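K.L.:
Structure: input.txt, compact mmCIF, C-alpha atoms and all ligand atoms.
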```txt
# COMPACT_ATOMS: atom_id res chain seq x y z
CA MET A 1 177.33 -80.07 356.50
CA ALA A 2 177.79 -83.78 357.19
CA LYS A 3 181.08 -85.26 356.04
CA ILE A 4 180.77 -87.73 353.17
CA HIS A 5 182.84 -90.85 353.32
CA GLY A 6 183.28 -92.85 350.16
CA HIS A 7 184.40 -96.30 349.25
CA ILE A 8 184.89 -98.10 345.97
CA SER A 9 185.10 -101.64 344.74
CA ILE A 10 187.03 -102.62 341.62
CA ASN A 11 186.51 -105.76 339.58
CA ILE A 12 190.27 -106.28 339.37
CA GLU A 13 190.14 -109.24 337.00
CA ASN A 14 188.72 -106.98 334.28
CA CYS A 15 191.15 -104.10 334.87
CA LYS A 16 193.35 -103.28 331.87
CA GLY A 17 195.87 -101.27 333.86
CA CYS A 18 195.28 -98.02 331.96
CA GLU A 19 195.87 -95.89 335.10
CA LEU A 20 193.15 -93.38 334.17
CA CYS A 21 191.48 -93.80 337.54
CA THR A 22 194.67 -93.27 339.53
CA ASN A 23 195.37 -90.08 337.60
CA GLU A 24 191.87 -88.70 338.10
CA CYS A 25 191.50 -89.36 341.81
CA PRO A 26 191.80 -85.99 343.61
CA GLN A 27 192.44 -87.78 346.90
CA GLU A 28 195.26 -89.95 345.57
CA SER A 29 193.35 -92.89 347.04
CA LEU A 30 194.20 -95.22 344.17
CA LYS A 31 197.44 -96.87 343.16
CA MET A 32 198.42 -99.57 340.71
CA SER A 33 199.12 -102.89 342.36
CA ASP A 34 202.50 -104.55 342.01
CA ASN A 35 200.55 -107.76 341.36
CA ILE A 36 198.90 -108.67 338.06
CA ASN A 37 195.48 -110.11 337.30
CA LYS A 38 194.72 -113.20 335.22
CA LYS A 39 194.92 -111.13 332.03
CA GLY A 40 198.44 -110.01 332.90
CA TYR A 41 197.69 -106.39 333.82
CA HIS A 42 198.66 -104.50 336.93
CA TYR A 43 195.33 -103.49 338.45
CA ALA A 44 194.13 -100.47 340.40
CA VAL A 45 193.60 -100.76 344.16
CA LEU A 46 192.27 -98.46 346.86
CA VAL A 47 195.20 -97.72 349.16
CA GLU A 48 193.94 -94.83 351.30
CA ASP A 49 190.86 -94.51 353.48
CA ASN A 50 190.18 -90.98 352.30
CA CYS A 51 187.84 -91.58 349.36
CA THR A 52 185.09 -88.96 349.17
CA GLY A 53 182.91 -90.86 346.71
CA CYS A 54 183.40 -88.18 344.05
CA THR A 55 182.96 -90.82 341.29
CA ASN A 56 185.81 -89.46 339.12
CA CYS A 57 187.45 -92.86 338.92
CA ALA A 58 184.26 -94.63 337.91
CA MET A 59 183.47 -92.05 335.23
CA VAL A 60 186.85 -92.33 333.50
CA CYS A 61 187.24 -96.10 333.71
CA PRO A 62 186.85 -97.41 330.14
CA GLU A 63 186.01 -100.87 331.46
CA ALA A 64 183.23 -99.62 333.79
CA ILE A 65 184.45 -101.86 336.59
CA ILE A 66 184.48 -99.39 339.48
CA THR A 67 181.50 -99.08 341.82
CA VAL A 68 181.38 -96.09 344.15
CA TYR A 69 179.62 -96.04 347.51
CA ARG A 70 178.86 -93.02 349.66
CA GLN A 71 178.10 -92.85 353.33
CA THR A 72 177.16 -89.75 355.24
CA LYS A 73 178.63 -89.54 358.70
CA GLN A 74 175.93 -87.78 360.64
CA LYS A 75 177.09 -86.15 363.81
CA ARG A 76 175.06 -87.63 366.66
CA GLN A 77 172.93 -84.95 368.26
CA PRO A 78 170.56 -85.18 371.22
CA VAL A 79 166.90 -84.79 370.41
CA ALA A 80 165.90 -84.20 374.04
CA VAL A 81 167.81 -83.24 377.16
CA ILE A 82 166.41 -83.62 380.68
CA SER A 83 168.33 -81.98 383.50
CA ASN A 84 167.98 -80.60 387.03
CA VAL A 85 165.39 -83.18 388.04
CA THR A 86 164.65 -82.81 391.76
CA GLU A 87 161.46 -84.89 392.04
CA ASN A 88 160.03 -87.98 390.42
CA LEU A 89 159.50 -87.31 386.75
CA ASN A 90 156.95 -89.08 384.59
CA ILE A 91 157.37 -88.89 380.84
CA ASN A 92 154.73 -90.31 378.53
CA ILE A 93 155.55 -90.71 374.88
CA ASP A 94 152.69 -91.72 372.62
S1 LIG B 1 185.46 -91.94 344.17
FE1 LIG B 1 186.79 -90.11 343.92
S2 LIG B 1 187.98 -90.02 345.80
FE2 LIG B 1 187.10 -92.09 345.71
S3 LIG B 1 188.70 -93.35 344.76
FE3 LIG B 1 187.32 -92.63 343.12
S4 LIG B 1 188.27 -90.73 342.34
FE4 LIG B 1 189.20 -91.20 344.34
S1 LIG B 2 190.47 -96.89 334.89
FE1 LIG B 2 189.56 -98.95 335.05
S2 LIG B 2 190.74 -100.23 333.65
FE2 LIG B 2 191.93 -98.36 333.99
S3 LIG B 2 193.32 -98.86 335.71
FE3 LIG B 2 191.49 -97.95 336.60
S4 LIG B 2 190.15 -99.69 337.11
FE4 LIG B 2 191.70 -100.42 335.67
```
What do you get writing this file as structure tokens?
P.N.:
Amino acid sequence: MAKIHGHISINIENCKGCELCTNECPQESLKMSDNINKKGYHYAVLVEDNCTGCTNCAMVCPEAIITVYRQTKQKRQPVAVISNVTENLNINID
């Protein structure tokens, strides 16, 4: 099965610093920033590149400010292999 790589974006200016997302992330990809936003809250940030796109953080966020992206890393596989060619070879692909 292809490995799923996730990524999230957080609208940090609307974060209330509740820490629900950091507690629910099974990958421990999220931490609270030492910095504060314009409303005076420490905000959540993605600190690890191991997000699986599980959506836990987005589902628990009471402010609905987390967007989750998923990308499937397909393993590159050959669709045709030509080998042991000893003479001129003509290939026609319609
Ligand atoms: S989508 Fe899942 S793995 Fe990714 S940051 Fe959110 S809770 Fe963590
Ligand atoms: S759940 Fe939402 S509001 Fe709470 S810390 Fe995470 S991003 Fe901020």
K.L.:
Hey, which residues sit close to ligand LIG 1 (chain B)? Say within 10 Å, counting only C-alpha atoms and all ligand atoms, and write them as a PyMOL selection string.
P.N.:
chain A and resi 5-10+20-31+44-60+66-70
K.L.:
Take every atom of ligand LIG 2 (chain B) listed in the file, pad by 6 Å on each side, and give me the axis-aligned box centre and edge lengths in Å, one decimal, as JSON.
P.N.:
```
{"center_x": 191.4, "center_y": -98.7, "center_z": 335.4, "size_x": 15.8, "size_y": 15.5, "size_z": 15.5}
```
K.L.:
Which distance in Å separates atom CA of Ile4 of chain A and atom CA of Glu19 of chain A, to one decimal?
P.N.:
24.9 Å
K.L.:
Would you mind telling me which residue in A:Asn90, A:Ser33, A:His42, A:Cys61 lies nearest to ligand LIG 2 (chain B) when using only C-alpha atoms and all ligand atoms?
P.N.:
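Counting only C-alpha atoms and all ligand atoms, the residue closest to ligand LIG 2 (chain B) is A:Cys61.
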K.L.:
When you count all atoms listed in the file, which of these residues is closest to ligand LIG 2 (chain B): A:Cys18, A:Val85, A:Ile12, A:Met32?
P.N.:
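With all atoms listed in the file as the atom set, the closest residue is A:Cys18.
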K.L.:
With only C-alpha atoms and all ligand atoms as the basis for distance, which of A:Lys3, A:Glu63, A:Ile36, A:Ser83 is at the shortest distance from ligand LIG 2 (chain B)?
P.N.:
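Using only C-alpha atoms and all ligand atoms, ligand LIG 2 (chain B) sits closest to A:Glu63.
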K.L.:
Between A:Val81, A:Thr72, A:Asn35, A:Glu13, which has the minimum distance to ligand LIG 2 (chain B) (counting all atoms listed in the file)?
P.N.:
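Smallest separation from ligand LIG 2 (chain B) among the options: A:Glu13.
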K.L.:
If you measure from atom CA of Lys16 of chain A to atom CA of Ala64 of chain A, what distance in Å do you get, rounded to one decimal?
P.N.:
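Those two atoms sit 10.9 Å apart.
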K.L.:
I'd like to know which of A:Glu87, A:Asp34, A:Gln71, A:Pro62 is closest to ligand LIG 2 (chain B), using all atoms listed in the file.
P.N.:
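Using all atoms listed in the file, the shortest distance to ligand LIG 2 (chain B) belongs to A:Pro62.
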K.L.:
Between atom S4 of ligand LIG 2 (chain B) and atom CA of Lys39 of chain A, measure the distance and give it in Å to one decimal.
P.N.:
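According to the coordinates, atom S4 of ligand LIG 2 (chain B) and atom CA of Lys39 of chain A are separated by 13.4 Å.
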K.L.:
Where atoms are missing, can you supply N, CA and C atoms for segment 9-39 of chain A and output the lot as a JSON list (two decimals), in the frame of the given file?
P.N.:
```json
[["chain", "number", "residue", "atom", "x", "y", "z"],
["A", 9, "SER", "N", 184.66, -100.27, 345.00],
["A", 9, "SER", "CA", 185.10, -101.64, 344.74],
["A", 9, "SER", "C", 185.49, -101.72, 343.26],
["A", 10, "ILE", "N", 186.52, -102.47, 342.99],
["A", 10, "ILE", "CA", 187.03, -102.62, 341.62],
["A", 10, "ILE", "C", 187.03, -104.10, 341.25],
["A", 11, "ASN", "N", 186.45, -104.39, 340.10],
["A", 11, "ASN", "CA", 186.51, -105.76, 339.58],
["A", 11, "ASN", "C", 187.90, -105.95, 338.96],
["A", 12, "ILE", "N", 188.86, -106.32, 339.79],
["A", 12, "ILE", "CA", 190.27, -106.28, 339.37],
["A", 12, "ILE", "C", 190.58, -107.23, 338.22],
["A", 13, "GLU", "N", 189.84, -108.29, 338.09],
["A", 13, "GLU", "CA", 190.14, -109.24, 337.00],
["A", 13, "GLU", "C", 189.85, -108.65, 335.62],
["A", 14, "ASN", "N", 189.02, -107.60, 335.57],
["A", 14, "ASN", "CA", 188.72, -106.98, 334.28],
["A", 14, "ASN", "C", 189.48, -105.67, 334.07],
["A", 15, "CYS", "N", 190.35, -105.33, 335.00],
["A", 15, "CYS", "CA", 191.15, -104.10, 334.87],
["A", 15, "CYS", "C", 192.19, -104.28, 333.77],
["A", 16, "LYS", "N", 192.37, -103.24, 332.95],
["A", 16, "LYS", "CA", 193.35, -103.28, 331.87],
["A", 16, "LYS", "C", 194.61, -102.48, 332.21],
["A", 17, "GLY", "N", 194.65, -101.95, 333.43],
["A", 17, "GLY", "CA", 195.87, -101.27, 333.86],
["A", 17, "GLY", "C", 196.14, -99.95, 333.17],
["A", 18, "CYS", "N", 195.09, -99.26, 332.73],
["A", 18, "CYS", "CA", 195.28, -98.02, 331.96],
["A", 18, "CYS", "C", 195.71, -96.84, 332.83],
["A", 19, "GLU", "N", 195.48, -96.93, 334.13],
["A", 19, "GLU", "CA", 195.87, -95.89, 335.10],
["A", 19, "GLU", "C", 195.05, -94.61, 335.02],
["A", 20, "LEU", "N", 193.98, -94.60, 334.24],
["A", 20, "LEU", "CA", 193.15, -93.38, 334.17],
["A", 20, "LEU", "C", 192.56, -93.05, 335.53],
["A", 21, "CYS", "N", 192.12, -94.05, 336.24],
["A", 21, "CYS", "CA", 191.48, -93.80, 337.54],
["A", 21, "CYS", "C", 192.47, -93.24, 338.55],
["A", 22, "THR", "N", 193.68, -93.76, 338.56],
["A", 22, "THR", "CA", 194.67, -93.27, 339.53],
["A", 22, "THR", "C", 195.03, -91.82, 339.23],
["A", 23, "ASN", "N", 195.04, -91.46, 337.96],
["A", 23, "ASN", "CA", 195.37, -90.08, 337.60],
["A", 23, "ASN", "C", 194.25, -89.11, 337.91],
["A", 24, "GLU", "N", 193.01, -89.59, 337.90],
["A", 24, "GLU", "CA", 191.87, -88.70, 338.10],
["A", 24, "GLU", "C", 191.41, -88.59, 339.55],
["A", 25, "CYS", "N", 191.96, -89.40, 340.41],
["A", 25, "CYS", "CA", 191.50, -89.36, 341.81],
["A", 25, "CYS", "C", 192.10, -88.14, 342.53],
["A", 26, "PRO", "N", 191.28, -87.19, 342.95],
["A", 26, "PRO", "CA", 191.80, -85.99, 343.61],
["A", 26, "PRO", "C", 192.35, -86.28, 345.01],
["A", 27, "GLN", "N", 191.99, -87.42, 345.56],
["A", 27, "GLN", "CA", 192.44, -87.78, 346.90],
["A", 27, "GLN", "C", 193.70, -88.64, 346.89],
["A", 28, "GLU", "N", 194.13, -89.01, 345.71],
["A", 28, "GLU", "CA", 195.26, -89.95, 345.57],
["A", 28, "GLU", "C", 195.01, -91.23, 346.39],
["A", 29, "SER", "N", 193.76, -91.69, 346.30],
["A", 29, "SER", "CA", 193.35, -92.89, 347.04],
["A", 29, "SER", "C", 193.69, -94.17, 346.30],
["A", 30, "LEU", "N", 193.99, -94.04, 345.01],
["A", 30, "LEU", "CA", 194.20, -95.22, 344.17],
["A", 30, "LEU", "C", 195.65, -95.34, 343.74],
["A", 31, "LYS", "N", 196.10, -96.59, 343.68],
["A", 31, "LYS", "CA", 197.44, -96.87, 343.16],
["A", 31, "LYS", "C", 197.34, -98.13, 342.31],
["A", 32, "MET", "N", 198.36, -98.34, 341.47],
["A", 32, "MET", "CA", 198.42, -99.57, 340.71],
["A", 32, "MET", "C", 199.12, -100.62, 341.56],
["A", 33, "SER", "N", 198.54, -101.80, 341.58],
["A", 33, "SER", "CA", 199.12, -102.89, 342.36],
["A", 33, "SER", "C", 200.41, -103.40, 341.72],
["A", 34, "ASP", "N", 201.30, -103.89, 342.53],
["A", 34, "ASP", "CA", 202.50, -104.55, 342.01],
["A", 34, "ASP", "C", 202.14, -105.92, 341.43],
["A", 35, "ASN", "N", 201.00, -106.45, 341.85],
["A", 35, "ASN", "CA", 200.55, -107.76, 341.36],
["A", 35, "ASN", "C", 199.82, -107.60, 340.03],
["A", 36, "ILE", "N", 199.64, -108.69, 339.33],
["A", 36, "ILE", "CA", 198.90, -108.67, 338.06],
["A", 36, "ILE", "C", 197.69, -109.59, 338.15],
["A", 37, "ASN", "N", 196.68, -109.26, 337.33],
["A", 37, "ASN", "CA", 195.48, -110.11, 337.30],
["A", 37, "ASN", "C", 195.66, -111.25, 336.29],
["A", 38, "LYS", "N", 194.60, -112.02, 336.09],
["A", 38, "LYS", "CA", 194.72, -113.20, 335.22],
["A", 38, "LYS", "C", 195.00, -112.83, 333.76],
["A", 39, "LYS", "N", 194.67, -111.57, 333.41],
["A", 39, "LYS", "CA", 194.92, -111.13, 332.03],
["A", 39, "LYS", "C", 196.33, -110.55, 331.87]]
```
